[in-house]
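Novice: Quick one: the structure is below, and I'll ask about it shortly.
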Amino acid sequence: MTERTGTTLYRDVWRRSIDEREGFWLDAARQIDWVRAPSAALTQHSPTDYSWFADGTLNTSYNALDRHVLAGRGDHTALIYDSAMTGTKARISYSQLLDRVARFAGVLRASGVGKGDRVVVYLPMIPEAVVAMLACARIGAVHSVVFGGFAASELAVRIDDARPTVIVTASGGLEPGKTVPYLPLVNKALQLSAGSVHTVIVRHRDAIDGSAADYADDTSVRWLDWAAAEATATPAEPVTVSSSDPLYILYTSGTTGNPKGIIRDNGGHAVALTWSMRGIYDIGPDDVFWAASDVGWVVGHSYIVYAPLLAGATTVIYEGKPIGTPDAGAFWRVVSEYRVNVLFTAPTAIRAIRRVDPELAELERYDVSSLTALFLAGERLDPETFHWVNDGLHCPVVDHWWQTETGWAICANPRGIQELPTKPGSTAVPVPGYDIAILDSKGQPITKPGKDGNIAIRLPLPPGSLLGIWGGADRFAAAYLTAFPGYYATGDSGHLDADGYLYVMGRTDDVINVAGHRLSTGSLEEVLTRHPAVAECAVLGVHDALKGQRAAGFVTLKAGWVVEHDLLTAELVNLVREHIGPVAAFRDVTILDRLPKTRSGKILRKTIRQIVDGEPYKIPPTIEDPTVLDALVRAVHPVPAIPIQFTGAKEPQ
Ligand code: COA
Ligand code: AMP
């Protein structure tokens, strides 16, 4: 980074986190309560295998709840629940949340769940999601939360990989204009999976039909009613675990159809998230933090559940959308009603609000003066959206970059250390602990500012980042560590500028980001090829004005098949909904005679994407048959791209 007096404090803190790693992280570790305090921060077993706070022992739920109650803050609000879908509003204090978590931990224990056992949590945005996660942490069990927008088969894939003994679920979720009953999905997933589950615990919601009693005849699995079980449970005390014992597994999309189970530890996670609340978000125990995401995503894990509670702050769990529930003022209502200090959401949510309320008229109805910053992540924040919200909101807008794998921000404007100048289009500077390099395809550092390359992080990754992939040390190495020895490959590309600000430009793999939701084009392709008429297909992420990207499918038909376009589209859309889920928001299908390929048979994905997005493109010299591109252009841009030239004739007055 060039000399800038304005960044000195940040630079000193960042430099210490790299050069004096032990001291930096042992200091940070003092912010949480240990059963046995760690004597060292980093224990390196090999250059790529290490653990954080290896000899430390603790309990994460104790740190999120008990210690605040013991410190006399039991009456402080831990959780605000606001459902725009049902109109329910509730405040739950630290004492009340602790009581519920201890009881539900007792329910899990009575169901045979012990330390290290996995529990799948398939719950909508209700307080019970937080209770279930912390209850697992309390007894040393490992939760794996699955997002409600996934189909039964995706749930089954996760059950087969994590092999839980218990599933915690609800009668369903609420989406605008419809209910999403969960129990048929869970039941189907149980039939599709290999049979590790012996108990399903069901939280009945009045708004949605379905309860454990409906499955009383099931002889293979015991279905328990949450409320009845919680009412009679014996509260469980926190179980001491090792720092590196797993806290949770969270599945995320990779390049193949098999999602990767990211493993998070207890100690490193608690230390990193606690540090981040002050260091990045500048949030303390008296503040209200709202991550408008879902507990099924990493943002929900880290910043709806764990980090705000570890910091002793108040977290908001909001069931609703940025628009339509009931209007584009929904976010501002929540901010004003609960005096939210920091709002964290995805750029898509802001674009959705802008589309409906371009003048930000709804904002006038609410007092949002409590907001100290708006943090955005999950996808690229385009400068236009940045300027729109920055001009309208009158509080700092911070774009920060992270991944399910890292669990917390890699680059951000670290407001708790020092507010740095904002550069639209950039996710600002590396967060302490993260040492970023831009590498060329051979793994050589690119030092020239502004030149794009692969974004990599020098090992070791800081505390809180993934320790591996569930059931696959080799898979972990193959996915992240072998491309550039000594580095973690992020899968993102971009550049650093002369001030050390990072610009994330896109992915280098087949992962796409639809409304901040990460999807694998490989898994979408696997689904499309299940259709009997489809011979070959390619799925790409193309530009979408609202969702950033959307998945577009290009298919060729088997010889002899004639299918009407709309019918095939409807069938493929249904297949994706059935096998991946509505969250894929898959709608675009183009039928081609042939896919554009190189002579060696590789599909020219980049060229297809450029054509669809209307970007300039070069005909690759290795192309098998250039006329295939003409057919593609005609298929995706049926209206002539060249504007019609008028002759200057005037309309009659
Ligand atoms: N359970 C069940 N279904 C869900 C779901 C859930 N938790 N979340 C989404 N879906 C369904 C939706 O109902 C929709 O189904 P449909 O095709 O039958 O209508 C589909 O999945 C696509 O949903 P979504 O991507 O939310 O699109 P949308 O058009 O309904 O809403 C936005 C658009 C912009 C309002 C919405 O995408 C949004 O709020 N985005 C914010 C992004 C965000 O918070 N990301 C988290 C990462 S930080
Ligand atoms: P997920 O694991 O679902 O959080 O998705 C992580 C991916 O989302 C990253 O690898 C990036 O491709 C993208 N991403 C997240 N945050 C940002 C950001 N602020 N700017 C650009 N891309 C982002």
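Just remember, in the structure tokens the first chain shown is A, the second B, etc., residues are 1-based per chain, and ligands are 1-based in the order shown.
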Would you write out, as CSV, a table of all residues in chain A that have an atom no more than 6 Å from an atom of ligand 1, listing for each the closest atom pair and the distance in Å to one decimal, considering only C-alpha atoms and all ligand atoms and ordering rows by chain and rising residue number?

Specialist:
residue,atom,partner,partner_atom_place_in_ligand_line,distance
A:Gly148,CA,ligand 1,1 (N),4.0
A:Gly149,CA,ligand 1,2 (C),3.6
A:Gly173,CA,ligand 1,1 (N),5.9
A:Glu175,CA,ligand 1,13 (O),5.1
A:Val180,CA,ligand 1,2 (C),5.9
A:Ala292,CA,ligand 1,44 (O),5.9
A:Ser293,CA,ligand 1,44 (O),4.3
A:Val299,CA,ligand 1,48 (S),5.6
A:Lys321,CA,ligand 1,39 (O),4.9
A:Pro322,CA,ligand 1,39 (O),5.5
A:Ile323,CA,ligand 1,35 (C),5.9
A:Thr345,CA,ligand 1,48 (S),5.4
A:Ala346,CA,ligand 1,48 (S),4.8
A:Thr348,CA,ligand 1,41 (C),5.2
A:Ala349,CA,ligand 1,41 (C),4.3
A:Ala352,CA,ligand 1,34 (C),5.0
A:Gly378,CA,ligand 1,48 (S),5.1
A:Ala515,CA,ligand 1,42 (C),4.9
A:Gly516,CA,ligand 1,45 (N),4.5
A:His517,CA,ligand 1,47 (C),5.7
A:Pro582,CA,ligand 1,21 (O),4.0
A:Val583,CA,ligand 1,21 (O),3.7
A:Ala585,CA,ligand 1,22 (C),4.8

Novice: Going by DSSP on the backbone, which residues of region 33-243 of chain A come out as strand (DSSP E or B)? List them as a PyMOL selection string.

Specialist: chain A and resi 36+42-46+49-52+57-58+77-83+89-93+118-122+142-145+166-170+172-175+178-181+199-203+222-225+241-242

Novice: Which one is closest to ligand 2: A:Pro238, A:Pro449, A:Gly601, A:Gly541? Count only C-alpha atoms and all ligand atoms.

Specialist: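 Closest to ligand 2 of all the choices is A:Gly541.
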
Novice: Give as an NGL selection string the residues surrounding ligand 2 up to a distance of 9 Å, considering only C-alpha atoms and all ligand atoms.

Specialist: :A and (252-253 or 297-299 or 346-347 or 376-382 or 398-407 or 409 or 411-412 or 425-427 or 490-493 or 503-508 or 511-513 or 516-519)

Novice: Would you mind telling me which residue in A:Thr234, A:Asn59, A:Ser153, A:Ser370 lies nearest to Ala110 (chain A) when using only C-alpha atoms?

Specialist: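 Ranked by minimum distance to Ala110 (chain A), first place goes to A:Thr234.
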